[in-house]
Structure formats: C-alpha cells, structure tokens
>>> print(open('final36.txt').read())   # compact mmCIF, C-alpha atoms
# COMPACT_ATOMS: atom_id res chain seq x y z
CA MET A 1051 29.51 1.19 -75.82
CA THR A 1052 26.12 0.78 -77.50
CA ILE A 1053 23.69 -1.59 -75.84
CA ASN A 1054 22.11 -4.03 -78.23
CA PRO A 1055 18.50 -4.49 -77.03
CA ARG A 1056 18.36 -7.96 -78.56
CA ARG A 1057 21.56 -9.02 -76.75
CA ASN A 1058 20.27 -7.44 -73.53
CA LEU A 1059 17.02 -9.37 -73.76
CA ALA A 1060 18.88 -12.64 -74.49
CA ASN A 1061 21.11 -12.05 -71.44
CA ARG A 1062 18.10 -11.48 -69.25
CA CYS A 1063 16.38 -14.63 -70.55
CA ASN A 1064 19.54 -16.66 -69.82
CA ALA A 1065 19.87 -15.06 -66.38
CA LEU A 1066 16.45 -16.46 -65.50
CA LYS A 1067 17.97 -19.97 -65.75
CA SER A 1068 20.61 -19.09 -63.13
CA THR A 1069 20.51 -20.86 -59.77
CA GLY A 1070 22.64 -18.30 -57.91
CA PRO A 1071 26.32 -17.95 -57.11
CA ARG A 1072 28.50 -21.07 -56.93
CA SER A 1073 31.92 -19.79 -55.90
CA THR A 1074 32.75 -18.92 -52.28
CA ALA A 1075 33.49 -15.31 -53.25
CA GLY A 1076 30.18 -15.05 -55.10
CA LYS A 1077 28.27 -16.48 -52.16
CA ARG A 1078 30.04 -14.09 -49.78
CA ALA A 1079 29.16 -11.15 -52.00
CA SER A 1080 25.51 -12.14 -52.41
CA SER A 1081 25.16 -12.71 -48.65
CA GLN A 1082 25.43 -8.92 -48.27
CA ASN A 1083 22.71 -8.20 -50.84
CA SER A 1084 20.00 -7.45 -48.32
CA ARG A 1085 22.25 -5.26 -46.15
CA LYS A 1086 21.06 -1.69 -46.57
CA HIS A 1087 22.46 0.75 -44.02
CA GLY A 1088 23.73 -1.27 -41.03
CA LEU A 1089 21.93 0.98 -38.52
CA ASN A 1090 20.42 -1.96 -36.66
CA SER A 1091 23.84 -3.21 -35.57
CA THR A 1092 25.21 -2.17 -32.17
CA PRO A 1093 28.17 0.17 -32.63
CA ASP A 1094 31.25 0.10 -30.41
CA PHE A 1095 32.01 3.79 -29.95
CA GLU A 1096 33.92 3.43 -26.67
CA SER A 1097 37.01 1.96 -28.27
CA SER A 1098 37.28 4.61 -31.00
CA LEU A 1099 39.74 7.49 -30.87
CA GLU A 1100 37.14 10.08 -31.84
CA TYR A 1101 34.98 9.01 -28.90
CA ARG A 1102 37.82 9.59 -26.44
CA ALA A 1103 38.69 12.92 -28.05
CA LEU A 1104 35.07 14.03 -27.77
CA VAL A 1105 34.75 12.91 -24.15
CA ASP A 1106 37.86 14.90 -23.21
CA LEU A 1107 36.60 18.00 -25.00
CA ILE A 1108 33.14 17.83 -23.47
CA ALA A 1109 34.58 17.20 -19.99
CA GLU A 1110 36.22 20.63 -20.13
CA GLU A 1111 32.76 22.20 -20.23
CA GLY A 1112 32.01 21.00 -16.72
CA PHE A 1113 29.94 17.91 -17.47
CA SER A 1114 30.34 14.83 -15.28
CA GLY A 1115 32.12 11.74 -16.64
CA PHE A 1116 28.90 9.78 -17.25
CA VAL A 1117 27.21 12.67 -19.03
CA CYS A 1118 30.31 13.24 -21.21
CA ALA A 1119 30.26 9.60 -22.25
CA ASP A 1120 26.53 9.79 -23.02
CA ILE A 1121 26.88 12.97 -25.08
CA ALA A 1122 29.88 11.68 -27.05
CA ALA A 1123 28.14 8.39 -27.82
CA GLY A 1124 24.95 10.28 -28.74
CA LEU A 1125 26.84 12.58 -31.06
CA LEU A 1126 28.70 9.74 -32.79
CA ASN A 1127 25.50 7.75 -33.09
CA TYR A 1128 23.69 10.72 -34.65
CA ARG A 1129 26.59 11.19 -37.11
CA ARG A 1130 26.40 7.50 -38.00
CA VAL A 1131 22.69 7.86 -38.79
CA MET A 1132 23.22 11.02 -40.86
CA ASP A 1133 26.08 9.42 -42.81
CA ALA A 1134 23.87 6.43 -43.60
CA TYR A 1135 21.10 8.87 -44.58
CA TYR A 1136 23.46 10.61 -47.00
CA ASP A 1137 24.64 7.29 -48.47
CA THR A 1138 21.06 6.12 -48.94
CA TYR A 1139 20.08 9.41 -50.52
CA THR A 1140 23.01 9.46 -52.94
CA SER A 1141 22.88 5.83 -54.02
CA PRO A 1142 19.27 4.79 -54.61
CA GLU A 1143 18.41 1.60 -56.42
CA PRO A 1144 19.28 2.34 -60.07
CA VAL A 1145 16.49 2.65 -62.62
CA ASP A 1146 16.47 -0.28 -65.03
CA GLU A 1147 15.80 1.81 -68.11
CA PHE A 1148 15.79 -1.21 -70.41
CA MET A 1149 13.06 -2.92 -68.41
CA ARG A 1150 11.09 0.31 -67.90
CA ASP A 1151 11.08 1.34 -71.55
CA MET A 1152 10.99 -2.03 -73.33
CA ASN A 1153 8.05 -2.90 -75.53
CA VAL A 1154 7.10 -6.39 -74.33
CA MET A 1155 4.61 -7.11 -77.12
CA ALA A 1156 7.16 -6.21 -79.77
CA SER A 1157 9.71 -8.51 -78.07
CA ILE A 1158 7.56 -11.65 -78.39
CA PRO A 1159 9.14 -12.69 -81.73
CA ILE A 1160 12.57 -12.41 -80.07
CA PHE A 1161 11.39 -14.56 -77.14
CA ARG A 1162 10.14 -17.09 -79.67
CA GLU A 1163 13.47 -17.07 -81.50
CA LEU A 1164 15.35 -17.60 -78.26
CA LEU A 1165 13.12 -20.26 -76.73
CA ILE A 1166 11.80 -22.45 -79.56
CA PRO A 1167 15.23 -23.85 -80.67
CA SER A 1168 15.82 -25.16 -77.14
CA GLY A 1169 12.63 -27.22 -77.31
CA SER A 1170 10.30 -24.88 -75.45
CA GLU A 1171 6.54 -24.81 -76.08
CA PRO A 1172 4.66 -21.75 -77.42
CA GLN A 1173 3.09 -21.56 -73.96
CA ASP A 1174 6.57 -20.85 -72.56
CA VAL A 1175 6.88 -17.81 -74.84
CA LYS A 1176 3.61 -16.49 -73.48
CA GLU A 1177 4.76 -17.07 -69.91
CA MET A 1178 8.02 -15.28 -70.63
CA ALA A 1179 6.09 -12.27 -71.96
CA THR A 1180 3.83 -12.27 -68.88
CA PHE A 1181 6.89 -12.42 -66.64
CA PHE A 1182 8.53 -9.47 -68.37
CA THR A 1183 5.28 -7.48 -68.21
CA HIS A 1184 5.10 -8.12 -64.47
CA MET A 1185 8.74 -7.06 -64.01
CA GLN A 1186 8.14 -3.93 -66.06
CA ARG A 1187 5.11 -3.00 -63.96
CA GLN A 1188 7.17 -3.38 -60.80
CA GLU A 1189 10.01 -1.30 -62.24
CA ARG A 1190 7.64 1.48 -63.32
CA ARG A 1191 5.90 1.49 -59.96
CA LYS A 1192 9.17 2.39 -58.23
CA GLY A 1193 9.33 5.61 -60.24
CA GLY A 1194 12.40 7.58 -61.27
CA PRO A 1195 15.62 8.26 -59.34
CA VAL A 1196 14.12 11.05 -57.20
CA SER A 1197 11.13 8.92 -56.16
CA ARG A 1198 13.47 6.07 -55.30
CA ARG A 1199 15.83 8.12 -53.19
CA SER A 1200 12.88 9.76 -51.40
CA ALA A 1201 11.35 6.37 -50.62
CA ASP A 1202 14.68 4.94 -49.47
CA SER A 1203 15.52 7.96 -47.28
CA HIS A 1204 12.02 7.87 -45.80
CA LYS A 1205 12.84 4.47 -44.26
CA LEU A 1206 15.56 6.09 -42.13
CA ILE A 1207 13.27 8.62 -40.43
CA ARG A 1208 12.87 6.53 -37.28
CA TYR A 1209 16.64 6.15 -36.88
CA GLN A 1210 17.02 9.93 -37.13
CA ARG A 1211 14.27 10.46 -34.58
CA ASN A 1212 15.87 8.05 -32.11
CA GLY A 1213 19.38 9.38 -32.77
CA ILE A 1214 18.54 13.03 -32.12
CA ALA A 1215 16.35 12.19 -29.12
CA ARG A 1216 19.25 10.29 -27.54
CA LEU A 1217 21.69 13.14 -28.15
CA SER A 1218 19.29 15.82 -26.95
CA ARG A 1219 18.44 13.85 -23.80
CA ALA A 1220 22.12 13.36 -22.99
CA VAL A 1221 22.90 17.08 -23.40
CA ARG A 1222 19.93 18.27 -21.36
CA GLN A 1223 20.55 15.74 -18.57
CA GLY A 1224 23.94 17.31 -18.04
CA MET B 410 48.68 15.32 -26.11
CA LEU B 411 47.47 15.00 -29.67
CA TYR B 412 44.57 12.90 -30.83
CA ASN B 413 44.62 11.99 -34.46
CA ALA B 414 41.43 10.14 -35.23
CA HIS B 415 40.86 8.88 -38.74
CA PHE B 416 37.94 11.30 -39.03
CA GLY B 417 40.41 14.13 -38.68
CA ILE B 418 40.19 15.40 -35.11
CA TYR B 419 43.38 17.15 -34.08
CA VAL B 420 43.11 18.31 -30.49
CA ASP B 421 45.99 19.62 -28.45
CA VAL B 422 45.49 20.21 -24.73
CA ALA B 423 47.20 23.60 -25.09
CA MET B 424 44.59 24.79 -27.61
CA SER B 425 42.13 27.55 -26.76
CA VAL B 426 38.41 26.66 -26.61
CA GLU B 427 37.84 28.37 -29.94
CA ASP B 428 40.64 26.39 -31.60
CA LYS B 429 39.28 23.17 -30.17
CA SER B 430 35.85 24.02 -31.52
CA LYS B 431 37.38 24.59 -34.93
CA SER B 432 39.26 21.31 -34.73
CA LEU B 433 35.94 19.52 -34.31
CA LEU B 434 34.52 20.98 -37.50
CA PRO B 435 36.14 18.68 -40.07
CA PHE B 436 34.89 15.67 -38.13
CA LEU B 437 31.37 16.81 -37.32
CA SER B 438 30.55 18.93 -40.30
CA SER B 439 32.82 17.82 -43.10
CA PRO B 440 30.32 18.71 -45.78
CA LYS B 441 29.13 15.71 -47.71
CA LEU B 442 27.87 17.63 -50.67
CA LEU B 443 26.36 16.57 -53.96
CA PRO B 444 28.39 17.31 -57.10
CA ASP B 445 26.33 20.39 -58.04
CA GLU B 446 26.31 21.95 -54.56
CA SER B 447 28.51 24.83 -53.43
CA GLU B 448 30.82 24.22 -50.48
CA ALA B 449 31.30 27.97 -50.05
CA GLU B 450 27.54 28.40 -49.53
CA PHE B 451 27.50 25.56 -47.00
CA GLN B 452 30.42 27.04 -45.07
CA SER B 453 29.01 30.57 -45.11
CA GLY B 454 25.76 29.26 -43.60
CA LEU B 455 27.75 27.50 -40.90
CA GLN B 456 29.86 30.56 -40.16
CA SER B 457 26.80 32.80 -39.85
CA LEU B 458 25.24 30.36 -37.38
CA LEU B 459 28.47 30.09 -35.40
CA SER B 460 28.77 33.87 -35.22
CA GLU B 461 25.45 33.97 -33.35
CA LEU B 462 26.80 31.77 -30.56
CA ASP B 463 27.44 33.67 -27.32
CA ASN B 464 29.57 30.89 -25.94
CA PRO B 465 31.29 28.94 -28.73
CA SER B 466 32.21 25.88 -26.67
CA PRO B 467 33.19 22.71 -28.57
CA LEU B 468 29.86 21.04 -27.83
CA ALA B 469 27.86 24.09 -28.93
CA VAL B 470 29.88 24.21 -32.16
CA ALA B 471 29.26 20.52 -32.72
CA LEU B 472 25.50 21.00 -32.29
CA VAL B 473 25.40 24.10 -34.48
CA SER B 474 27.18 22.26 -37.28
CA GLN B 475 24.51 19.54 -37.09
CA LEU B 476 21.87 22.24 -37.23
CA ASN B 477 23.47 23.69 -40.36
CA GLU B 478 23.38 20.27 -41.97
CA CYS B 479 19.64 19.99 -41.20
CA LEU B 480 19.02 23.30 -42.94
CA TRP B 481 20.98 22.01 -45.92
CA TRP B 482 18.85 18.86 -46.03
CA ILE B 483 15.68 20.95 -46.00
CA LYS B 484 17.02 22.83 -49.02
CA ARG B 485 17.80 19.55 -50.83
CA HIS B 486 14.40 18.05 -50.11
CA THR B 487 12.62 21.21 -51.27
CA VAL B 488 14.39 20.89 -54.63
CA ASP B 489 13.40 17.22 -54.69
CA LYS B 490 9.71 18.13 -54.51
CA GLU B 491 10.04 20.08 -57.76
CA LEU B 492 12.07 17.24 -59.33
CA LEU B 493 9.36 14.74 -58.39
CA LEU B 494 6.80 16.85 -60.20
CA HIS B 495 9.06 17.01 -63.23
CA GLU B 496 9.59 13.25 -63.16
CA ALA B 497 5.82 12.64 -63.06
CA MET B 498 5.19 15.14 -65.86
CA ALA B 499 7.78 13.40 -68.05
CA ARG B 500 6.23 10.02 -67.29
CA LEU B 501 2.77 11.26 -68.25
CA LEU B 502 4.10 12.81 -71.45
CA SER B 503 6.00 9.68 -72.50
CA LYS B 504 2.85 7.61 -72.06
CA ALA B 505 0.66 10.09 -73.91
CA GLY B 506 0.35 10.65 -77.63
CA SER B 507 0.95 8.43 -80.62
CA HIS B 508 4.74 8.66 -80.26
CA SER B 509 4.77 6.76 -76.98
CA GLU B 510 6.59 3.77 -78.52
CA THR B 511 9.44 5.80 -79.97
CA TYR B 512 10.24 8.15 -77.08
CA ASP B 513 11.80 6.83 -73.91
CA ASN B 514 11.36 8.42 -70.51
CA ARG B 515 14.83 9.97 -70.29
CA LYS B 516 14.53 11.67 -73.68
CA VAL B 517 11.12 13.05 -72.73
CA SER B 518 12.42 14.27 -69.36
CA GLU B 519 15.32 16.14 -70.97
CA ALA B 520 13.08 17.58 -73.70
CA LEU B 521 10.54 18.73 -71.12
CA GLU B 522 13.25 20.37 -69.03
CA ARG B 523 14.46 22.35 -72.04
CA TYR B 524 10.88 23.16 -73.02
CA LEU B 525 10.05 24.55 -69.58
CA ASP B 526 13.29 26.58 -69.54
CA GLY B 527 12.53 27.92 -73.04
CA ARG B 528 15.67 26.24 -74.46
CA ALA B 529 13.93 23.53 -76.51
CA ASP B 530 14.69 23.34 -80.23
CA LYS B 531 11.89 23.59 -82.76
CA ASP B 532 11.35 19.82 -83.12
CA GLU B 533 11.19 19.20 -79.38
CA ALA B 534 8.82 22.10 -78.78
CA GLU B 535 6.57 20.97 -81.62
CA TRP B 536 6.57 17.40 -80.33
CA ILE B 537 5.61 18.43 -76.81
CA ASP B 538 2.89 20.77 -78.10
CA GLU B 539 1.59 17.98 -80.32
CA VAL B 540 1.46 15.42 -77.48
CA LEU B 541 -0.27 17.94 -75.21
CA ALA B 542 -2.80 18.73 -77.95
CA GLU B 543 -3.43 15.01 -78.64
CA SER B 544 -4.05 14.39 -74.96
CA LYS B 545 -6.20 17.56 -74.74
CA LEU B 546 -4.01 18.92 -71.94
CA THR B 547 -2.44 22.26 -71.18
CA LEU B 548 0.87 22.54 -69.38
CA SER B 549 -0.89 23.44 -66.13
CA ASP B 550 -3.25 20.44 -66.52
CA LEU B 551 -0.21 18.25 -66.96
CA ARG B 552 1.29 19.71 -63.79
CA VAL B 553 -1.93 19.07 -61.84
CA ARG B 554 -2.06 15.45 -63.05
CA ALA B 555 1.62 15.00 -62.27
CA PHE B 556 1.01 16.34 -58.77
CA LYS B 557 -1.73 13.75 -58.27
CA ASP B 558 0.52 10.97 -59.55
CA ALA B 559 3.49 11.99 -57.45
CA ALA B 560 1.43 12.79 -54.32
CA LYS B 561 2.69 9.70 -52.49
CA TYR B 562 6.34 10.64 -52.96
CA ILE B 563 5.74 14.34 -52.34
CA LYS B 564 4.19 13.35 -49.01
CA MET B 565 7.33 11.32 -48.24
CA VAL B 566 9.53 14.33 -48.97
CA ASP B 567 7.29 16.48 -46.77
CA ASP B 568 7.83 13.93 -43.98
CA LEU B 569 11.59 14.17 -44.50
CA ILE B 570 11.44 17.97 -44.27
CA HIS B 571 9.27 17.74 -41.15
CA ARG B 572 11.83 15.38 -39.59
CA GLN B 573 14.59 17.93 -40.18
CA HIS B 574 12.45 20.63 -38.52
CA GLN B 575 11.95 18.38 -35.50
CA THR B 576 15.68 17.69 -35.37
CA ILE B 577 16.41 21.43 -35.48
CA ARG B 578 14.03 21.92 -32.54
CA HIS B 579 15.91 19.25 -30.54
CA LEU B 580 19.26 20.82 -31.38
CA GLN B 581 18.05 24.31 -30.44
CA ARG B 582 16.85 23.04 -27.06
CA SER B 583 20.20 21.34 -26.50
CA ILE B 584 22.13 24.50 -27.41
CA ASP B 585 19.87 26.55 -25.10
CA SER B 586 20.52 24.07 -22.32
CA ILE B 587 24.30 24.37 -22.73
CA ASP B 588 24.03 28.15 -22.86
CA TYR B 589 21.84 28.19 -19.75
CA LYS B 590 24.29 25.90 -17.96
CA SER B 591 27.27 28.10 -18.75
CA ARG B 592 25.34 31.22 -17.64
CA LEU B 593 24.35 29.47 -14.43
CA ILE B 594 27.97 28.54 -13.73
CA LYS B 595 29.06 32.14 -14.41
CA ARG B 596 26.33 33.48 -12.13
CA MET B 597 27.29 31.07 -9.34
CA ASP B 598 30.94 32.06 -9.74
CA LEU B 599 29.97 35.73 -9.44
CA GLU B 600 27.81 35.07 -6.37
CA LEU B 601 30.63 33.08 -4.81
CA ALA B 602 33.08 35.88 -5.52
CA ALA B 603 30.63 38.40 -4.01
CA LEU B 604 30.21 36.24 -0.89
CA GLU B 605 33.97 35.87 -0.55
CA SER B 606 34.55 39.59 -0.86
CA LYS B 607 31.77 40.24 1.68
CA GLN B 608 33.37 37.72 3.99
CA SER B 609 36.77 39.34 3.66
CA VAL B 610 35.28 42.81 4.32
CA LYS B 611 33.49 41.47 7.41
CA GLY B 612 36.72 39.84 8.57
CA ALA B 613 38.62 43.10 8.11
CA LEU B 614 35.92 45.06 10.03
CA SER B 615 35.96 42.60 12.96
CA LEU B 616 39.74 42.84 13.09
CA ASP B 617 39.44 46.65 13.15
CA ASP B 618 36.86 46.43 16.04
CA LYS B 619 39.14 44.15 18.04
CA SER B 620 42.17 46.37 17.56
CA SER B 621 40.26 49.54 18.54
>>> encode(input="final36.txt", output="structure tokens")
Amino acid sequence: MTINPRRNLANRCNALKSTGPRSTAGKRASSQNSRKHGLNSTPDFESSLEYRALVDLIAEEGFSGFVCADIAAGLLNYRRVMDAYYDTYTSPEPVDEFMRDMNVMASIPIFRELLIPSGSEPQDVKEMATFFTHMQRQERRKGGPVSRRSADSHKLIRYQRNGIARLSRAVRQG
Amino acid sequence: MLYNAHFGIYVDVAMSVEDKSKSLLPFLSSPKLLPDESEAEFQSGLQSLLSELDNPSPLAVALVSQLNECLWWIKRHTVDKELLLHEAMARLLSKAGSHSETYDNRKVSEALERYLDGRADKDEAEWIDEVLAESKLTLSDLRVRAFKDAAKYIKMVDDLIHRQHQTIRHLQRSIDSIDYKSRLIKRMDLELAALESKQSVKGALSLDDKSS
C-alpha cells in the first residue's frame, strides 16, 4: 500500500485534536503505554513449576534447602532480566520515517489548505509548522533503529548488574 | 516424578546427572536469536564450553549456558558499533549536498551500504561521489565525522559490552565455587574413607594382639 504524504499529514493534523481514548478497552490499552519491561515488579517464583524443578535439581548437588531456594530464585530472576533485555533490544521504538524525512517548509501550503477552511488564523498555520519542526527535531535526535535499541538496552544495565550479583552471591554462599 | 514446566523442563528422578543437565538446556539457554543469526553457531559455542566442564552438574550447566549467552551478546553489540557508524554516515550524507531534499535517510543508507561493499550501481556511486565532493569530504573524513556524531551511542554500546564482561566474571567465579565445592566434598570423602580403612586395620591389629 502506498502512503500518500498529504493524507498522512492530514491524519496527523487531525490526531492533534484528539483528547485520548474514550472506550473502556481503549483506556485499558493506553494505561499500559508507559509500561516498558516490568522489571520493577516483584516476581512470585516460589509458586512456579520451574522453580520447584530447579530447587530439586540443585538440592542433589549437596546445597542446603535455603541455598537451593536462593540459587533457583536468583537464576529465574536473572533469566527474567535477560529475557526483558532481549525484548527491549529486538523491539525498539520504531523510527517515524515520515516525521524524520518530511520537509516542513514545503508542507506549509498543505497546512494552510487544511486549517484555513475550518476558520483558523494564519498564525495557526505558523504554529503548526513550528510544532512539526519541533517534533521532527525530537525524532531525529533519537537516531536510527540501532541507536534506539542501544539507548533502550542501556537502561537495563542496572537490572543485569543486580540480577547477576544476586545469583553469584547465592551460589558462592552455598 | 516428572516435572513439565511451561518453559520445557522435563526432569525424571531416574535420570543421570548428565541427562538432567541436558534437560535444563531448553529452559535456560533456549536461544533467542535474531533472524539472521545461526543457531548451529550458538549451539557449537555452548557445546565447546560445556566440554570444558570437569563436573557437568545441572547448576554448572545452567551457569555455563548463561555465560555462552553473554558471549553471544558481546558479539551482537560489537556488530552494533559498526552499524551505528554506518547509521551516522548515512545521516551525514543525506543532509549533505544539493540533493538533500530528494533523498531520504533509508535510501541513502542502502546506497551507502552497497557503495562500501562495492555493489553500488553507476548512478548510486556517482551520487555518493558527488555529495562527498560537494561537501569536500573523503570517505575516511565522513567516517571520522560519523564517529564524532555517534560517540554517545558508541559509548552506550561499550557500556553494554563491559556489562557482559562483568557478568562473565561473576559467572566464572560461581562456576569455580561449585567446582571447588565438589572437589572439597570428594576430598573429604576420600579422607573419611582413608580414616575408616585405618580404623578397620587398627581394629584388626588389636584383635590379633588380643588373640595372641
């Protein structure tokens, strides 16, 4: 499907008038918008089957019950962090190519065409152009897909550090 | 007894230690690879690390598989450093020259990739040469500028690689600790056996003395 730049721009201008989701489903979906990786939540490993399987396996190596529980929880926690790391790495915020590559100055006549019939002032056209320039600057500052995934993955470093320290401590205590 | 976790652990109490270790692998090291990565390469790295284990206990196998994943991440991030440079070079090229309005970033990136590989067609090669000439840049100048532009992200990737090195160090210490523990247990068993045999010899000698 070919993307019509004019249509795209009109959609974006109309989207600016939006006041957010109205339906319950829409509100539920948008309430998860800021959720990134879920690593700040407290996991319940003890009730999982894999936790019990790990505890039993580790117990056979001569570790005490408490140490086995610590190691199994440490291992599952580390896996949780690494899975989130992989997910973050493989799904960075997508590049908005339209916004990044658009020529704002050349779009001013289109803004005018879209805004003037609805009773807007010429000043509004100028403000719209300024807004799009600002958005474009922000989009360009984020860089390409590799920069984005590097920046996103970088935020998980502290979780990795804590996860491996917990696991290592549990193993060496035993 | 059989555990069937949704992650895929199948552990039977009658299994040998080696089989149990293997049963852990799908759960702890099911390779989450990118579409262009080779699973065979990942597995061969894991197998070579596992073959170096003196005592392949389930926990040691679990830790070694995490270590293999760290090595894989280091490889990925090293490739990313080169990709970041490429991204910055493409960005600089698309901004430069009088064609900047007609060429978008993706087109430039693909053209540059072909140009650097020597696969660019005549038009693309001419366009890139022209933009470089207009901006009074050589390819190495462009690379230097790109490096400057991408320095912030390259530093981030370096941090990610450093983190993996630190993690490997933690894992190695943990594996050493398990190995040391198992050796210690073996040594104590041997000493105990030696003491017991000494005791039984002494007992036999004292019985001999009494009887004589």
>>> atom_distance(input="final36.txt", atom1="CA of Arg1190 (chain A)", atom2="CA of His495 (chain B)")
15.6 Å
>>> closest_residue(input="final36.txt", among="B:Ile584, B:Leu494, B:Leu502, B:Ile570", to="Thr547 (chain B)", atoms="all atoms listed in the file")
B:Leu502
>>> interface_residues(input="final36.txt", of="chain A", to="chain B", cutoff="8 Å", atoms="only C-alpha atoms", output="PyMOL selection string")
chain A and resi 1099-1100+1103+1107-1108+1111+1129+1136+1140+1151+1153+1194+1196-1197+1200-1201+1203-1204+1207+1210-1211+1214-1215+1218+1221-1222
>>> atom_distance(input="final36.txt", atom1="CA of Asn1064 (chain A)", atom2="CA of Ser1168 (chain A)")
11.8 Å
>>> atom_distance(input="final36.txt", atom1="CA of Leu1104 (chain A)", atom2="CA of Gly1088 (chain A)")
23.2 Å
>>> residues_around(input="final36.txt", residues="region 1154-1156 of chain A", least_positions_apart="5", cutoff="7 Å", atoms="only C-alpha atoms", output="PDB file with C-alpha atoms, in the coordinates of the input")
ATOM      1  CA  ALA A1179       6.090 -12.270 -71.960  1.00  0.00           C
ATOM      2  CA  PHE A1182       8.530  -9.470 -68.370  1.00  0.00           C
ATOM      3  CA  THR A1183       5.280  -7.480 -68.210  1.00  0.00           C
TER       4      THR A1183
END
>>> residues_around(input="final36.txt", residues="Ser457 (chain B)", least_positions_apart="4", cutoff="12 Å", atoms="all atoms listed in the file", output="MDAnalysis selection string")
chainID B and resid 450:453 461:462 470 473:474 476:477
>>> residues_around(input="final36.txt", residues="Ala1220 (chain A)", least_positions_apart="3", cutoff="8 Å", atoms="all atoms listed in the file", output="ChimeraX atom specification")
/A:1117,1120-1121,1124,1216-1217,1223-1224
>>> write_last_selection(input="final36.txt", atoms="C-alpha atoms", output="short mmCIF file (atom, residue, chain, number, x, y, z; two decimals), in the frame of the given file")
data_model
loop_
_atom_site.label_atom_id
_atom_site.label_comp_id
_atom_site.auth_asym_id
_atom_site.auth_seq_id
_atom_site.Cartn_x
_atom_site.Cartn_y
_atom_site.Cartn_z
CA VAL A 1117 27.21 12.67 -19.03
CA ASP A 1120 26.53 9.79 -23.02
CA ILE A 1121 26.88 12.97 -25.08
CA GLY A 1124 24.95 10.28 -28.74
CA ARG A 1216 19.25 10.29 -27.54
CA LEU A 1217 21.69 13.14 -28.15
CA GLN A 1223 20.55 15.74 -18.57
CA GLY A 1224 23.94 17.31 -18.04
#
>>> residues_around(input="final36.txt", residues="Asp1202 (chain A)", least_positions_apart="5", cutoff="8 Å", atoms="all atoms listed in the file", output="ChimeraX atom specification")
/A:1138-1139,1142
>>> axis_aligned_box(input="final36.txt", around="region 1181-1196 of chain A", padding_each_side="8 Å", output="JSON")
{"center_x": 10.4, "center_y": -0.7, "center_z": -62.8, "size_x": 26.5, "size_y": 39.5, "size_z": 27.2}
>>> residues_around(input="final36.txt", residues="Ile1160 (chain A)", least_positions_apart="6", cutoff="10 Å", atoms="only C-alpha atoms", output="PyMOL selection string")
chain A and resi 1056+1059-1060+1154+1175
